[in-house]
Amino acid sequence: MSSALGAGRNGHPFSLDESDDEGAGAGAPGSGGGGAAGEVGVAGAGPSLDGAPHATSVRSVAAIVACRAVPVIARHGSVRALMALIAIIPGDGIGPEVMLHATRALEHYRDDRKLPLELWQLDLGADRFLKDGTTFPKEDAARIQKDASAVLLGALGDPRVPGLEYARDILFGLRFGLDLYANMRPVKALADRLVPLKDRTAKDVDFVVFRENTEGIYVNIGGQFKKGTPDEVAINEDVNTRKGVERLIRAGFDYAKKHGKKTVHMADKSNAMKHAHELWYRCFFEVAKEYPDISAKHVYVDALCLYLVQDPRPFEVVVTNNLFGDIVTDLGAGLQGGLGMAASANVHYSDPKRVALFEPVHGSAPPLVGKDLANPIASFLTVGMMLAHLGWPAEEKRVEDICTRAIESGNCTPDVGGKLGTNAVAEWILGELRRSA
Ligand SMILES: NC(=O)c1ccc[n+]([C@@H]2O[C@H](COP(=O)([O-])OP(=O)(O)OC[C@H]3O[C@@H](n4cnc5c(N)ncnc54)[C@H](O)[C@@H]3O)[C@@H](O)[C@H]2O)c1
């Protein structure tokens, strides 16, 4: 990995104090973690190898991980202050604009509702990188790994840094480095008018995508040969391990079981990708045998895109690989009103005590920057997911209900049919949050 994280005790920047059943911080194969390209649109990468029953809503990760508040606080058996440390990385573009208000929501929870939260702002992103070359300092990485309960990230990506090396270090350093293998992306419409499908309403759009988050084509293994010549060759390898595929699929089934879902779909392209996706196909039906009460359905990812826009109702839980999950969840965001409405959690599903990463699905949206146009709802919903994960599932429901009312009452940004700016929407939501019992 090309980051400034340095190597941890186990040769990994995020190696944990204690090992767990799956080994700490697997990271990208051949990379030592992080350093992958993909979602942040890393351009011009060279040939290096751096590469409980549903308590509230579908967004609730609390149920899957059992209440995290107390275990978080005494993470890894160490005695720590009864405080959940949340690292906040506003990032780039609209990231700081929406994170400003997400932070205010957390301050409300800390100051008014007396939740034991400690907030830690990190000055990381394109501005910092351009100023002094910093990507992701190893001391920040170490403190996150050692002391934090969660990381809240706005967005990364800046046109002034086309290589996006700092973004790769931060985002993939966190996802890969902390081995946050399950990227949970709820696709839930909060109001009928947000659903663009004919004859479909909000109740028809309610599923969660489990995107594999540490493997696939994002590991940045590959290279370019004879670059810039007519004989140029460009290769990205798609890495799929039995362990990586199986644990993600099992997470999807486990979530379905705990949330009373009847069906898990697995999306691949095993008809074309005979090697890698045959593994997904075989593994899916093997794991499915452990969950006889849940219907396991295979679907090719291209057909999944068709079915989702025709009728999303049959879908409850979708498990898929890193690339397909990235793409399908943008389609999913379209079904719920756009990227300004989509929240996500990155978790090491089998060990809820590990620090987790929460981020709105959207990117830095350069055209919106400085215009008071960014929809802050995805970030508020992301705060809700984080609070549920930390052990306060009722707060996720509270935040979601207020965001729903914001949409219904027209107190929202133009992307979801409103006339207000980012700041006014946030004021409305924060006002409702403060007033709610
Ligand atoms: N996790 C991340 O940090 C992440 C994810 C995706 C993209 N990116 C980066 O973000 C930059 C821009 O990428 P992009 O344009 O493909 O994706 P984007 O998510 O920034 O924008 C896609 C579309 O959604 C709209 N949009 C996004 N967030 C919105 C919000 N909160 N409110 C209203 N509209 C919103 C944008 O205006 C745009 O039309 C790139 O550098 C990319 O690499 C980062």
# chains A, B, ... in the order shown; residues from 1 in each chain; ligands from 1
$ residues_near_ligand --ligand "ligand 1" --cutoff "8 Å" --atoms "only C-alpha atoms and all ligand atoms" --output "PyMOL selection string"
chain A and resi 38-42+91+93-94+98+153-159+162+164+167+171+338-341+359-368+373-379+413-415
$ residues_around --residues "Ala105 in chain A" --least-positions-apart "4" --cutoff "7 Å" --atoms "only C-alpha atoms" --output "ChimeraX atom specification"
/A:101,109,430
$ closest_residue --among "A:Gln224, A:Asn213, A:Asn411, A:Asn346" --to "Asn423 in chain A" --atoms "only C-alpha atoms"
A:Asn411
$ residues_around --residues "Pro186 in chain A" --least-positions-apart "2" --cutoff "10 Å" --atoms "only C-alpha atoms" --output "VMD selection string"
chain A and resid 57 to 60 183 to 184 188 to 189 205 to 210 316 to 317 329 332 to 333 336 342 to 345 385
$ write_last_selection --atoms "N, CA and C atoms" --output "PDB file, in the first residue's frame"
ATOM      1  N   SER A  57     -35.746  -0.073  11.826  1.00  0.00           N
ATOM      2  CA  SER A  57     -35.973  -0.012  10.396  1.00  0.00           C
ATOM      3  C   SER A  57     -34.968  -0.906   9.710  1.00  0.00           C
ATOM      4  N   VAL A  58     -35.091  -0.981   8.399  1.00  0.00           N
ATOM      5  CA  VAL A  58     -34.161  -1.812   7.647  1.00  0.00           C
ATOM      6  C   VAL A  58     -32.746  -1.286   7.789  1.00  0.00           C
ATOM      7  N   ARG A  59     -32.649  -0.007   8.112  1.00  0.00           N
ATOM      8  CA  ARG A  59     -31.333   0.577   8.241  1.00  0.00           C
ATOM      9  C   ARG A  59     -30.614   0.100   9.495  1.00  0.00           C
ATOM     10  N   SER A  60     -31.377  -0.481  10.407  1.00  0.00           N
ATOM     11  CA  SER A  60     -30.782  -0.805  11.705  1.00  0.00           C
ATOM     12  C   SER A  60     -29.738  -1.893  11.575  1.00  0.00           C
ATOM     13  N   ASN A 183     -20.270  -4.030   3.309  1.00  0.00           N
ATOM     14  CA  ASN A 183     -20.783  -2.683   3.068  1.00  0.00           C
ATOM     15  C   ASN A 183     -22.292  -2.812   2.930  1.00  0.00           C
ATOM     16  N   MET A 184     -22.977  -2.355   3.970  1.00  0.00           N
ATOM     17  CA  MET A 184     -24.434  -2.504   4.017  1.00  0.00           C
ATOM     18  C   MET A 184     -25.073  -1.224   3.521  1.00  0.00           C
ATOM     19  N   LYS A 188     -34.134   2.196   0.736  1.00  0.00           N
ATOM     20  CA  LYS A 188     -35.464   2.336   1.318  1.00  0.00           C
ATOM     21  C   LYS A 188     -36.010   3.710   0.951  1.00  0.00           C
ATOM     22  N   ALA A 189     -37.140   3.734   0.301  1.00  0.00           N
ATOM     23  CA  ALA A 189     -37.742   5.017  -0.073  1.00  0.00           C
ATOM     24  C   ALA A 189     -38.541   5.553   1.113  1.00  0.00           C
ATOM     25  N   VAL A 205     -40.150  -0.239  -2.156  1.00  0.00           N
ATOM     26  CA  VAL A 205     -38.684  -0.093  -2.248  1.00  0.00           C
ATOM     27  C   VAL A 205     -38.100  -0.210  -0.854  1.00  0.00           C
ATOM     28  N   ASP A 206     -37.686  -1.397  -0.497  1.00  0.00           N
ATOM     29  CA  ASP A 206     -37.195  -1.633   0.862  1.00  0.00           C
ATOM     30  C   ASP A 206     -36.344  -2.903   0.862  1.00  0.00           C
ATOM     31  N   PHE A 207     -35.080  -2.733   0.534  1.00  0.00           N
ATOM     32  CA  PHE A 207     -34.155  -3.869   0.586  1.00  0.00           C
ATOM     33  C   PHE A 207     -32.781  -3.377   1.005  1.00  0.00           C
ATOM     34  N   VAL A 208     -31.910  -4.307   1.321  1.00  0.00           N
ATOM     35  CA  VAL A 208     -30.561  -3.905   1.706  1.00  0.00           C
ATOM     36  C   VAL A 208     -29.556  -4.705   0.872  1.00  0.00           C
ATOM     37  N   VAL A 209     -28.571  -4.005   0.380  1.00  0.00           N
ATOM     38  CA  VAL A 209     -27.514  -4.649  -0.403  1.00  0.00           C
ATOM     39  C   VAL A 209     -26.309  -4.871   0.496  1.00  0.00           C
ATOM     40  N   PHE A 210     -25.817  -6.098   0.505  1.00  0.00           N
ATOM     41  CA  PHE A 210     -24.550  -6.427   1.152  1.00  0.00           C
ATOM     42  C   PHE A 210     -23.493  -6.502   0.056  1.00  0.00           C
ATOM     43  N   GLU A 316     -35.323  -8.338  -0.850  1.00  0.00           N
ATOM     44  CA  GLU A 316     -35.197  -8.002   0.577  1.00  0.00           C
ATOM     45  C   GLU A 316     -33.738  -7.833   0.968  1.00  0.00           C
ATOM     46  N   VAL A 317     -32.934  -8.836   0.626  1.00  0.00           N
ATOM     47  CA  VAL A 317     -31.488  -8.786   0.891  1.00  0.00           C
ATOM     48  C   VAL A 317     -30.786  -9.230  -0.390  1.00  0.00           C
ATOM     49  N   THR A 329     -26.059  -0.283  -6.131  1.00  0.00           N
ATOM     50  CA  THR A 329     -26.573   0.612  -5.090  1.00  0.00           C
ATOM     51  C   THR A 329     -26.738   2.052  -5.590  1.00  0.00           C
ATOM     52  N   GLY A 332     -30.012   1.588  -6.945  1.00  0.00           N
ATOM     53  CA  GLY A 332     -30.901   1.573  -5.783  1.00  0.00           C
ATOM     54  C   GLY A 332     -31.176   2.977  -5.271  1.00  0.00           C
ATOM     55  N   ALA A 333     -30.116   3.807  -5.239  1.00  0.00           N
ATOM     56  CA  ALA A 333     -30.307   5.191  -4.788  1.00  0.00           C
ATOM     57  C   ALA A 333     -31.319   5.895  -5.691  1.00  0.00           C
ATOM     58  N   GLN A 336     -34.756   5.352  -4.512  1.00  0.00           N
ATOM     59  CA  GLN A 336     -35.143   5.951  -3.232  1.00  0.00           C
ATOM     60  C   GLN A 336     -35.074   7.473  -3.254  1.00  0.00           C
ATOM     61  N   ALA A 342     -29.172   8.244   0.269  1.00  0.00           N
ATOM     62  CA  ALA A 342     -28.635   6.894   0.481  1.00  0.00           C
ATOM     63  C   ALA A 342     -27.526   6.880   1.529  1.00  0.00           C
ATOM     64  N   ALA A 343     -27.715   6.057   2.569  1.00  0.00           N
ATOM     65  CA  ALA A 343     -26.757   5.941   3.670  1.00  0.00           C
ATOM     66  C   ALA A 343     -26.071   4.580   3.611  1.00  0.00           C
ATOM     67  N   SER A 344     -24.945   4.459   4.327  1.00  0.00           N
ATOM     68  CA  SER A 344     -24.285   3.150   4.330  1.00  0.00           C
ATOM     69  C   SER A 344     -23.435   2.940   5.572  1.00  0.00           C
ATOM     70  N   ALA A 345     -23.199   1.657   5.842  1.00  0.00           N
ATOM     71  CA  ALA A 345     -22.319   1.251   6.942  1.00  0.00           C
ATOM     72  C   ALA A 345     -21.307   0.260   6.395  1.00  0.00           C
ATOM     73  N   MET A 385     -27.745   5.352  11.307  1.00  0.00           N
ATOM     74  CA  MET A 385     -27.184   3.988  11.228  1.00  0.00           C
ATOM     75  C   MET A 385     -26.064   3.816  12.248  1.00  0.00           C
TER      76      MET A 385
END
$ closest_residue --among "A:Ala424, A:Leu331, A:Leu433, A:Leu174" --to "Ile402 in chain A" --atoms "only C-alpha atoms"
A:Leu433
$ atom_distance --atom1 "CA of Ala267 in chain A" --atom2 "CA of Tyr300 in chain A"
5.3 Å
$ residues_around --residues "Val399 in chain A" --least-positions-apart "2" --cutoff "9 Å" --atoms "only C-alpha atoms" --output "MDAnalysis selection string"
chainID A and resid 380:381 383:384 394:397 401:404 429 433
$ write_last_selection --atoms "C-alpha atoms" --output "PDB file, in the first residue's frame"
ATOM      1  CA  PHE A 380     -28.386  12.399   8.797  1.00  0.00           C
ATOM      2  CA  LEU A 381     -29.553   8.865   7.935  1.00  0.00           C
ATOM      3  CA  VAL A 383     -25.680   9.207  11.632  1.00  0.00           C
ATOM      4  CA  GLY A 384     -28.802   7.210  12.469  1.00  0.00           C
ATOM      5  CA  ALA A 394     -34.331   4.046  18.672  1.00  0.00           C
ATOM      6  CA  GLU A 395     -32.284   7.030  17.526  1.00  0.00           C
ATOM      7  CA  GLU A 396     -32.012   5.604  14.046  1.00  0.00           C
ATOM      8  CA  LYS A 397     -35.778   5.411  13.929  1.00  0.00           C
ATOM      9  CA  ASP A 401     -38.874   9.580  10.924  1.00  0.00           C
ATOM     10  CA  ILE A 402     -37.762  13.206  10.979  1.00  0.00           C
ATOM     11  CA  CYS A 403     -36.130  12.879   7.546  1.00  0.00           C
ATOM     12  CA  THR A 404     -39.346  11.331   6.241  1.00  0.00           C
ATOM     13  CA  ILE A 429     -34.167  18.575  10.769  1.00  0.00           C
ATOM     14  CA  LEU A 433     -34.565  16.528  16.483  1.00  0.00           C
TER      15      LEU A 433
END
$ select_by_dssp --residues "range 352-395 of chain A" --states "strand (DSSP E)" --output "list of chain:residue names"
A:Ala356, A:Leu357, A:Phe358, A:Glu359, A:Pro360
$ write_last_selection --atoms "N, CA and C atoms" --output "PDB file, in the first residue's frame"
ATOM      1  N   ALA A 356     -16.200   0.651  13.109  1.00  0.00           N
ATOM      2  CA  ALA A 356     -16.907   0.581  11.825  1.00  0.00           C
ATOM      3  C   ALA A 356     -16.898   1.958  11.164  1.00  0.00           C
ATOM      4  N   LEU A 357     -17.151   1.957   9.881  1.00  0.00           N
ATOM      5  CA  LEU A 357     -17.105   3.188   9.086  1.00  0.00           C
ATOM      6  C   LEU A 357     -18.497   3.471   8.518  1.00  0.00           C
ATOM      7  N   PHE A 358     -18.934   4.706   8.665  1.00  0.00           N
ATOM      8  CA  PHE A 358     -20.257   5.104   8.188  1.00  0.00           C
ATOM      9  C   PHE A 358     -20.100   6.263   7.224  1.00  0.00           C
ATOM     10  N   GLU A 359     -20.806   6.190   6.107  1.00  0.00           N
ATOM     11  CA  GLU A 359     -20.668   7.242   5.091  1.00  0.00           C
ATOM     12  C   GLU A 359     -21.911   7.305   4.229  1.00  0.00           C
ATOM     13  N   PRO A 360     -22.307   8.504   3.840  1.00  0.00           N
ATOM     14  CA  PRO A 360     -23.343   8.565   2.816  1.00  0.00           C
ATOM     15  C   PRO A 360     -22.799   7.923   1.548  1.00  0.00           C
TER      16      PRO A 360
END
$ closest_residue --among "A:Lys131, A:Met83, A:Gly370, A:His277" --to "Arg110 in chain A" --atoms "only C-alpha atoms"
A:Met83
$ residues_around --residues "Gly252 in chain A" --least-positions-apart "2" --cutoff "12 Å" --atoms "only C-alpha atoms" --output "PyMOL selection string"
chain A and resi 61+64+181-185+207-212+245-250+254-259+261-266+284+287-288+291+294+296+316-320+349-350
$ write_last_selection --atoms "N, CA and C atoms" --output "CSV table (one decimal), in the first residue's frame"
chain,number,residue,atom,x,y,z
A,61,VAL,N,-28.5,-1.5,11.9
A,61,VAL,CA,-27.5,-2.6,12.0
A,61,VAL,C,-27.4,-3.0,13.5
A,64,ILE,N,-28.2,-6.7,14.1
A,64,ILE,CA,-27.3,-7.7,13.6
A,64,ILE,C,-26.1,-7.8,14.5
A,181,TYR,N,-15.6,-5.8,5.9
A,181,TYR,CA,-15.9,-6.6,4.7
A,181,TYR,C,-17.3,-6.5,4.2
A,182,ALA,N,-18.2,-6.0,5.1
A,182,ALA,CA,-19.6,-5.9,4.7
A,182,ALA,C,-20.0,-4.4,4.5
A,183,ASN,N,-20.3,-4.0,3.3
A,183,ASN,CA,-20.8,-2.7,3.1
A,183,ASN,C,-22.3,-2.8,2.9
A,184,MET,N,-23.0,-2.4,4.0
A,184,MET,CA,-24.4,-2.5,4.0
A,184,MET,C,-25.1,-1.2,3.5
A,185,ARG,N,-25.8,-1.4,2.5
A,185,ARG,CA,-26.5,-0.2,1.9
A,185,ARG,C,-28.0,-0.4,1.8
A,207,PHE,N,-35.1,-2.7,0.5
A,207,PHE,CA,-34.2,-3.9,0.6
A,207,PHE,C,-32.8,-3.4,1.0
A,208,VAL,N,-31.9,-4.3,1.3
A,208,VAL,CA,-30.6,-3.9,1.7
A,208,VAL,C,-29.6,-4.7,0.9
A,209,VAL,N,-28.6,-4.0,0.4
A,209,VAL,CA,-27.5,-4.6,-0.4
A,209,VAL,C,-26.3,-4.9,0.5
A,210,PHE,N,-25.8,-6.1,0.5
A,210,PHE,CA,-24.6,-6.4,1.2
A,210,PHE,C,-23.5,-6.5,0.1
A,211,ARG,N,-22.7,-5.5,0.0
A,211,ARG,CA,-21.6,-5.4,-1.0
A,211,ARG,C,-20.3,-5.9,-0.4
A,212,GLU,N,-19.7,-6.8,-1.0
A,212,GLU,CA,-18.3,-7.3,-0.5
A,212,GLU,C,-17.4,-6.1,-0.6
A,245,VAL,N,-15.7,-14.4,0.1
A,245,VAL,CA,-17.0,-14.6,-0.5
A,245,VAL,C,-18.0,-15.2,0.5
A,246,GLU,N,-17.5,-16.2,1.2
A,246,GLU,CA,-18.3,-16.9,2.2
A,246,GLU,C,-18.8,-16.0,3.3
A,247,ARG,N,-17.9,-15.2,3.9
A,247,ARG,CA,-18.3,-14.4,5.0
A,247,ARG,C,-19.2,-13.3,4.7
A,248,LEU,N,-19.1,-12.8,3.5
A,248,LEU,CA,-20.1,-11.8,3.0
A,248,LEU,C,-21.5,-12.4,2.8
A,249,ILE,N,-21.5,-13.6,2.2
A,249,ILE,CA,-22.8,-14.3,1.9
A,249,ILE,C,-23.4,-14.7,3.2
A,250,ARG,N,-22.6,-15.2,4.1
A,250,ARG,CA,-23.1,-15.5,5.5
A,250,ARG,C,-23.7,-14.3,6.2
A,254,ASP,N,-27.4,-14.1,7.6
A,254,ASP,CA,-27.6,-13.9,9.0
A,254,ASP,C,-28.5,-12.6,9.3
A,255,TYR,N,-28.2,-11.6,8.5
A,255,TYR,CA,-29.0,-10.4,8.6
A,255,TYR,C,-30.5,-10.7,8.3
A,256,ALA,N,-30.7,-11.5,7.2
A,256,ALA,CA,-32.1,-11.9,6.8
A,256,ALA,C,-32.7,-12.6,7.9
A,257,LYS,N,-32.0,-13.6,8.5
A,257,LYS,CA,-32.6,-14.4,9.6
A,257,LYS,C,-33.0,-13.5,10.8
A,258,LYS,N,-32.1,-12.6,11.1
A,258,LYS,CA,-32.4,-11.8,12.3
A,258,LYS,C,-33.4,-10.7,12.1
A,259,HIS,N,-33.7,-10.4,10.8
A,259,HIS,CA,-34.6,-9.3,10.5
A,259,HIS,C,-35.9,-9.9,9.9
A,261,LYS,N,-36.5,-11.7,7.3
A,261,LYS,CA,-36.6,-11.6,5.8
A,261,LYS,C,-36.7,-13.0,5.2
A,262,LYS,N,-37.4,-13.2,4.2
A,262,LYS,CA,-37.7,-14.5,3.6
A,262,LYS,C,-36.7,-14.9,2.5
A,263,THR,N,-36.1,-13.9,1.9
A,263,THR,CA,-35.4,-14.2,0.7
A,263,THR,C,-34.0,-13.5,0.6
A,264,VAL,N,-33.0,-14.2,0.2
A,264,VAL,CA,-31.7,-13.6,-0.1
A,264,VAL,C,-31.4,-13.8,-1.6
A,265,HIS,N,-31.1,-12.8,-2.3
A,265,HIS,CA,-30.7,-12.9,-3.7
A,265,HIS,C,-29.2,-12.7,-3.8
A,266,MET,N,-28.5,-13.5,-4.6
A,266,MET,CA,-27.1,-13.3,-4.9
A,266,MET,C,-27.0,-12.9,-6.3
A,284,PHE,N,-22.7,-19.6,-2.4
A,284,PHE,CA,-24.0,-19.1,-2.1
A,284,PHE,C,-24.9,-20.3,-1.7
A,287,VAL,N,-23.8,-22.1,1.6
A,287,VAL,CA,-24.1,-21.3,2.8
A,287,VAL,C,-25.6,-21.4,3.0
A,288,ALA,N,-26.4,-21.3,1.9
A,288,ALA,CA,-27.9,-21.3,2.0
A,288,ALA,C,-28.4,-22.5,2.8
A,291,TYR,N,-29.4,-22.1,6.3
A,291,TYR,CA,-30.5,-21.2,6.5
A,291,TYR,C,-31.8,-21.8,5.8
A,294,ILE,N,-34.9,-19.7,4.8
A,294,ILE,CA,-34.7,-18.5,3.9
A,294,ILE,C,-34.5,-19.0,2.4
A,296,ALA,N,-33.1,-19.0,-1.1
A,296,ALA,CA,-31.9,-18.5,-1.7
A,296,ALA,C,-32.1,-18.4,-3.2
A,316,GLU,N,-35.3,-8.3,-0.8
A,316,GLU,CA,-35.2,-8.0,0.6
A,316,GLU,C,-33.7,-7.8,1.0
A,317,VAL,N,-32.9,-8.8,0.6
A,317,VAL,CA,-31.5,-8.8,0.9
A,317,VAL,C,-30.8,-9.2,-0.4
A,318,VAL,N,-29.8,-8.4,-0.8
A,318,VAL,CA,-29.1,-8.8,-2.0
A,318,VAL,C,-27.6,-8.9,-1.6
A,319,VAL,N,-26.9,-10.0,-1.9
A,319,VAL,CA,-25.5,-10.1,-1.6
A,319,VAL,C,-24.8,-10.1,-3.0
A,320,THR,N,-23.7,-9.4,-3.0
A,320,THR,CA,-23.0,-9.3,-4.3
A,320,THR,C,-21.5,-8.9,-4.1
A,349,TYR,N,-18.7,-7.6,10.0
A,349,TYR,CA,-20.0,-8.1,10.4
A,349,TYR,C,-19.9,-9.1,11.6
A,350,SER,N,-19.0,-10.0,11.5
A,350,SER,CA,-18.9,-11.1,12.5
A,350,SER,C,-18.4,-10.6,13.8
$ closest_atom_pairs --of "range 371-395 of chain A" --to "range 114-122 of chain A" --cutoff "10 Å" --atoms "only C-alpha atoms" --output "CSV"
residue,atom,partner,partner_atom,distance
A:Leu387,CA,A:Leu115,CA,9.8
A:Leu390,CA,A:Leu117,CA,10.0
A:Trp392,CA,A:Leu115,CA,9.3
$ write_last_selection --atoms "N, CA and C atoms" --output "short mmCIF file (atom, residue, chain, number, x, y, z; two decimals), in the first residue's frame"
data_model
loop_
_atom_site.label_atom_id
_atom_site.label_comp_id
_atom_site.auth_asym_id
_atom_site.auth_seq_id
_atom_site.Cartn_x
_atom_site.Cartn_y
_atom_site.Cartn_z
N LEU A 387 -25.60 5.46 15.11
CA LEU A 387 -26.11 5.42 16.48
C LEU A 387 -26.72 4.05 16.79
N LEU A 390 -24.00 1.71 17.44
CA LEU A 390 -23.37 1.96 18.73
C LEU A 390 -24.26 1.57 19.90
N TRP A 392 -27.91 2.42 20.06
CA TRP A 392 -29.10 3.24 20.26
C TRP A 392 -30.02 3.14 19.05
#
$ atom_distance --atom1 "CA of Lys371 in chain A" --atom2 "CA of Glu408 in chain A"
23.4 Å
$ closest_residue --among "A:Asp351, A:Glu427, A:Asp192, A:Asp111" --to "Leu178 in chain A" --atoms "only C-alpha atoms"
A:Asp351
